[in-house]
>>> print(open('protein.cif').read())   # mmCIF, C-alpha atoms
data_target
#
loop_
_atom_site.label_atom_id
_atom_site.label_comp_id
_atom_site.auth_asym_id
_atom_site.auth_seq_id
_atom_site.Cartn_x
_atom_site.Cartn_y
_atom_site.Cartn_z
CA MET A 306 16.51 6.10 -3.07
CA ARG A 307 17.31 6.59 -6.75
CA VAL A 308 16.93 3.43 -8.82
CA PRO A 309 19.05 3.36 -12.02
CA ALA A 310 17.64 2.08 -15.30
CA GLY A 311 18.23 -1.65 -15.65
CA THR A 312 17.80 -2.39 -11.94
CA ALA A 313 16.02 -5.74 -11.64
CA ILE A 314 13.59 -7.47 -9.31
CA GLY A 315 13.03 -11.18 -8.90
CA ASN A 316 12.89 -14.10 -6.52
CA GLY A 317 16.12 -16.01 -6.14
CA ALA A 318 17.57 -16.71 -9.56
CA GLN A 319 14.31 -15.90 -11.34
CA ARG A 320 14.25 -12.43 -12.88
CA VAL A 321 10.76 -10.88 -12.99
CA ALA A 322 11.17 -7.33 -14.27
CA ALA A 323 13.61 -4.43 -14.60
CA PHE A 324 13.31 -0.65 -14.53
CA ALA A 325 13.24 0.78 -18.05
CA GLU A 326 14.08 4.24 -16.73
CA ALA A 327 15.72 5.64 -13.61
CA VAL A 328 13.24 6.41 -10.82
CA ASP A 329 13.85 8.61 -7.77
CA PHE A 330 11.57 7.13 -5.09
CA ASP A 331 12.34 9.91 -2.62
CA ALA A 332 10.97 12.55 -5.00
CA HIS A 333 7.42 11.23 -4.53
CA ARG A 334 5.08 10.87 -1.56
CA LEU A 335 2.75 8.50 -3.37
CA ILE A 336 3.67 5.84 -5.94
CA LEU A 337 1.04 3.69 -7.64
CA LEU A 338 1.72 0.33 -9.26
CA ARG A 339 -0.34 -0.82 -12.25
CA GLY A 340 -0.07 -3.85 -14.49
CA PRO A 341 -1.57 -7.25 -15.27
CA ASN A 342 -1.55 -10.12 -12.81
CA GLY A 343 1.86 -11.75 -12.66
CA SER A 344 3.71 -8.66 -13.88
CA GLY A 345 5.67 -8.26 -10.65
CA LYS A 346 3.74 -5.74 -8.54
CA THR A 347 3.80 -7.92 -5.41
CA THR A 348 7.40 -8.94 -6.09
CA LEU A 349 8.37 -5.25 -6.27
CA LEU A 350 6.68 -4.52 -2.94
CA LYS A 351 8.24 -7.57 -1.26
CA THR A 352 11.66 -6.61 -2.65
CA LEU A 353 11.35 -3.10 -1.24
CA GLN A 354 10.39 -4.63 2.12
CA GLY A 355 13.33 -7.06 1.96
CA LEU A 356 11.16 -10.20 1.91
CA VAL A 357 12.48 -11.47 -1.43
CA HIS A 358 15.83 -10.98 -3.13
CA HIS A 359 16.96 -11.44 -6.72
CA ARG A 360 20.42 -12.99 -6.90
CA ALA A 361 21.94 -10.69 -9.51
CA PRO A 362 24.43 -7.81 -9.44
CA ASP A 363 21.85 -5.32 -10.72
CA THR A 364 19.13 -6.21 -8.20
CA LEU A 365 16.93 -3.65 -6.41
CA SER A 366 17.77 -2.95 -2.78
CA ALA A 367 15.20 -2.77 0.01
CA LEU A 368 13.98 0.58 1.31
CA ARG A 369 14.64 1.49 4.93
CA HIS A 370 12.01 1.73 7.67
CA THR A 371 9.15 0.15 5.72
CA LEU A 372 5.89 -1.56 6.67
CA TYR A 373 4.32 -4.01 4.22
CA LEU A 374 0.62 -4.90 4.09
CA PRO A 375 0.08 -8.06 2.02
CA GLU A 376 -3.04 -8.52 -0.07
CA ARG A 377 -4.45 -10.72 2.69
CA LEU A 378 -3.68 -10.31 6.38
CA ASP A 379 -5.68 -12.21 9.00
CA TRP A 380 -6.10 -11.09 12.60
CA ALA A 381 -7.16 -13.14 15.62
CA ASP A 382 -10.87 -13.95 15.37
CA GLU A 383 -11.67 -12.43 18.76
CA LEU A 384 -9.81 -9.15 18.12
CA SER A 385 -11.86 -6.03 17.43
CA PHE A 386 -10.69 -2.92 15.63
CA ALA A 387 -11.10 -0.84 18.78
CA VAL A 388 -8.92 -3.13 20.90
CA ALA A 389 -6.25 -3.43 18.21
CA LEU A 390 -6.18 0.34 17.65
CA ASP A 391 -5.66 0.98 21.37
CA ALA A 392 -2.71 -1.43 21.32
CA LEU A 393 -1.06 -0.29 18.08
CA CYS A 394 -1.79 3.43 17.74
CA LEU A 395 -0.37 6.28 19.78
CA LEU A 396 -3.02 8.29 21.62
CA PRO A 397 -2.61 11.54 19.59
CA TYR A 398 -3.59 9.70 16.38
CA ARG A 399 -6.45 7.50 17.59
CA ASP A 400 -9.15 10.06 16.79
CA VAL A 401 -7.92 10.12 13.18
CA PHE A 402 -8.62 6.43 12.78
CA THR A 403 -11.79 6.15 14.84
CA THR A 404 -13.21 8.95 12.68
CA LEU A 405 -12.02 7.24 9.49
CA ALA A 406 -13.52 3.94 10.67
CA LYS A 407 -16.89 5.68 11.15
CA ARG A 408 -16.70 7.16 7.65
CA LEU A 409 -16.02 3.67 6.32
CA ASP A 410 -18.89 2.13 8.33
CA LEU A 411 -16.43 -0.24 10.01
CA PRO A 412 -17.93 -1.80 13.20
CA GLN A 413 -15.29 -0.93 15.77
CA GLN A 414 -16.34 -3.31 18.55
CA THR A 415 -17.12 -6.36 16.40
CA PRO A 416 -14.64 -9.28 16.57
CA TYR A 417 -12.63 -9.80 13.40
CA GLY A 418 -13.89 -13.36 13.00
CA ILE A 419 -17.45 -12.27 12.26
CA LEU A 420 -16.67 -9.21 10.13
CA SER A 421 -17.52 -9.27 6.43
CA LYS A 422 -14.67 -9.60 3.92
CA GLY A 423 -14.84 -5.89 3.13
CA ASN A 424 -14.75 -4.86 6.78
CA ARG A 425 -11.81 -7.18 7.41
CA GLN A 426 -9.95 -5.39 4.64
CA LYS A 427 -10.85 -1.98 6.10
CA MET A 428 -9.56 -3.09 9.51
CA SER A 429 -6.24 -4.27 8.06
CA VAL A 430 -5.68 -1.08 6.06
CA LEU A 431 -6.57 1.25 8.94
CA LEU A 432 -4.43 -0.60 11.48
CA THR A 433 -1.47 -0.61 9.08
CA GLU A 434 -1.89 3.12 8.59
CA ALA A 435 -2.19 3.62 12.37
CA VAL A 436 1.12 1.82 12.92
CA GLY A 437 2.71 3.92 10.18
CA TRP A 438 1.54 7.12 11.88
CA SER A 439 2.63 5.92 15.34
CA ARG A 440 6.07 4.53 14.50
CA GLN A 441 8.99 6.01 12.60
CA ILE A 442 7.99 4.42 9.31
CA ASP A 443 9.30 6.01 6.12
CA TRP A 444 7.32 3.93 3.63
CA LEU A 445 4.02 2.06 3.74
CA LEU A 446 3.88 -0.66 1.07
CA LEU A 447 0.23 -1.57 0.44
CA ASP A 448 -0.60 -4.55 -1.77
CA GLU A 449 -4.14 -4.26 -3.19
CA PRO A 450 -5.52 -2.33 -0.18
CA LEU A 451 -8.73 -1.47 -2.07
CA SER A 452 -9.50 -5.08 -2.96
CA GLY A 453 -12.99 -6.19 -1.90
CA LEU A 454 -14.16 -2.68 -1.01
CA ASP A 455 -17.21 -0.98 -2.49
CA PRO A 456 -16.68 2.22 -4.53
CA ALA A 457 -17.70 4.49 -1.64
CA ALA A 458 -15.14 2.92 0.71
CA GLN A 459 -12.47 3.06 -1.99
CA GLY A 460 -13.18 6.74 -2.51
CA THR A 461 -12.96 7.47 1.22
CA LEU A 462 -9.55 5.81 1.49
CA ILE A 463 -8.23 7.51 -1.65
CA GLU A 464 -9.40 10.87 -0.28
CA PHE A 465 -7.60 10.07 2.98
CA TRP A 466 -4.38 9.24 1.12
CA ASN A 467 -4.62 12.31 -1.13
CA SER A 468 -4.97 14.64 1.86
CA SER A 469 -2.70 12.78 4.27
CA THR A 470 -0.41 14.80 6.51
CA ALA A 471 1.50 11.73 7.70
CA ALA A 472 5.28 11.81 7.58
CA HIS A 473 5.52 8.49 5.75
CA ARG A 474 5.25 7.88 2.01
CA ARG A 475 3.18 5.19 0.31
CA ILE A 476 3.57 2.72 -2.53
CA ILE A 477 0.19 1.25 -3.47
CA SER A 478 -0.69 -1.58 -5.82
CA SER A 479 -4.33 -1.35 -6.83
CA HIS A 480 -6.86 -2.43 -9.43
CA GLY A 481 -8.99 0.59 -8.54
CA ASP A 482 -9.53 3.78 -10.53
CA LEU A 483 -6.20 5.59 -10.47
CA THR A 484 -7.71 8.79 -11.82
CA ARG A 485 -8.98 9.56 -8.31
CA PHE A 486 -5.44 9.78 -6.92
CA SER A 487 -3.64 13.12 -7.00
CA SER A 488 0.05 13.96 -7.33
CA ALA A 489 1.20 10.36 -7.71
CA LEU A 490 3.94 8.70 -9.72
CA ILE A 491 2.50 5.72 -11.60
CA LEU A 492 4.75 2.77 -12.43
CA HIS A 493 3.47 0.40 -15.10
CA LEU A 494 4.68 -3.20 -14.94
CA ALA A 495 4.29 -5.39 -18.03
CA GLU A 496 6.34 -7.84 -20.09
CA GLY A 497 9.33 -7.69 -17.76
CA SER A 498 9.54 -3.89 -17.71
CA ILE A 499 8.85 -1.25 -15.04
CA SER A 500 8.16 2.14 -16.58
CA PRO A 501 6.87 5.50 -15.28
CA VAL A 502 3.58 6.53 -16.88
CA THR A 503 4.08 9.96 -18.44
CA ALA A 504 0.74 10.40 -20.23
CA PRO A 505 -2.39 11.33 -18.23
CA LEU A 506 -4.08 8.23 -16.92
CA THR A 507 -7.72 7.99 -17.93
CA THR A 508 -8.46 4.30 -17.36
CA SER A 509 -8.66 2.08 -14.32
CA LEU A 510 -6.37 -0.75 -13.45
CA SER A 511 -9.19 -3.24 -13.88
CA GLN A 512 -8.58 -3.07 -17.63
CA ASP A 513 -5.06 -4.40 -17.12
CA ALA A 514 -6.02 -7.43 -15.04
#
>>> encode(input="protein.cif", output="structure tokens")
Amino acid sequence: MRVPAGTAIGNGAQRVAAFAEAVDFDAHRLILLRGPNGSGKTTLLKTLQGLVHHRAPDTLSALRHTLYLPERLDWADELSFAVALDALCLLPYRDVFTTLAKRLDLPQQTPYGILSKGNRQKMSVLLTEAVGWSRQIDWLLLDEPLSGLDPAAQGTLIEFWNSSTAAHRRIISSHGDLTRFSSALILHLAEGSISPVTAPLTTSLSQDA
């Protein structure tokens, strides 16, 4: 999908931001969103998923075949990662995510209700990825997937995304260190504008929050 300059996002009649330049989403496998709180990162992800719509002639359209992971997603307290993975992930891909769970030190048999905050986040991110690998998903839209994770876990997930062989593409909003991502388009949201970052990024998103 090619988005012309001037295309806007918002919620109902409220305009939040607009693209300062044209952006070809399909030309990138990984797109990162940076910007201060309230700049429209979540609104952009929800618009691409089709969850919110700006009532204006120049509004952004939703992408097709997407899966959106909100910043917080709660699972049933009694559900473990292992049980959920068996239900949601096709057999050929399960080893990918059991191995990744081990690298992340995620207890695979522990019920969600007694997991730590960080392990709950790991479970949500891995299960969303597992569904993306198992279904015909074109885009995964991940809202702050690194939130609440320690630096080692963040690095493991970023390494996984950098080397991913999955068919789907990703759009990720994160306050983590973007310098660890490779071959990504970075969109900066601020003061009502959405702009591609053309200069090398040497700082983390935490400085924008």
>>> atom_distance(input="protein.cif", atom1="atom CA of Arg307 of chain A", atom2="atom CA of Ala323 of chain A")
14.0 Å
>>> residues_near_point(input="protein.cif", point="(10.4, 4.6, 2.5)", cutoff="8 Å", atoms="only C-alpha atoms", output="PyMOL selection string")
chain A and resi 331+368-371+442-445+473-475
>>> resolve_selection(input="protein.cif", expression="the PyMOL selection byres ((chain A and resi 458) around 10)", output="VMD selection string")
chain A and resid 408 to 411 423 to 424 427 451 453 to 457 459 to 464
>>> resolve_selection(input="protein.cif", expression="the PyMOL selection byres ((chain A and resi 327) around 8)", output="PDB file with C-alpha atoms, in the coordinates of the input")
ATOM      1  CA  ARG A 307      17.310   6.590  -6.750  1.00  0.00           C
ATOM      2  CA  VAL A 308      16.930   3.430  -8.820  1.00  0.00           C
ATOM      3  CA  PRO A 309      19.050   3.360 -12.020  1.00  0.00           C
ATOM      4  CA  ALA A 310      17.640   2.080 -15.300  1.00  0.00           C
ATOM      5  CA  GLY A 311      18.230  -1.650 -15.650  1.00  0.00           C
ATOM      6  CA  PHE A 324      13.310  -0.650 -14.530  1.00  0.00           C
ATOM      7  CA  ALA A 325      13.240   0.780 -18.050  1.00  0.00           C
ATOM      8  CA  GLU A 326      14.080   4.240 -16.730  1.00  0.00           C
ATOM      9  CA  VAL A 328      13.240   6.410 -10.820  1.00  0.00           C
ATOM     10  CA  ASP A 329      13.850   8.610  -7.770  1.00  0.00           C
TER      11      ASP A 329
END
>>> resolve_selection(input="protein.cif", expression="the PyMOL selection byres ((chain A and resi 342-344) around 10)", output="MDAnalysis selection string")
chainID A and resid 321:322 339:341 345:349 480 493:499 513:514
>>> residues_near_point(input="protein.cif", point="(5.1, -7.2, -5.0)", cutoff="10 Å", atoms="only C-alpha atoms", output="PyMOL selection string")
chain A and resi 314-315+338+343-354+356-357+373+375-376+446-449+477-478
>>> residues_around(input="protein.cif", residues="Gln413 of chain A", least_positions_apart="3", cutoff="10 Å", atoms="only C-alpha atoms", output="PyMOL selection string")
chain A and resi 385-390+403+406-407+410+416-417+424+428
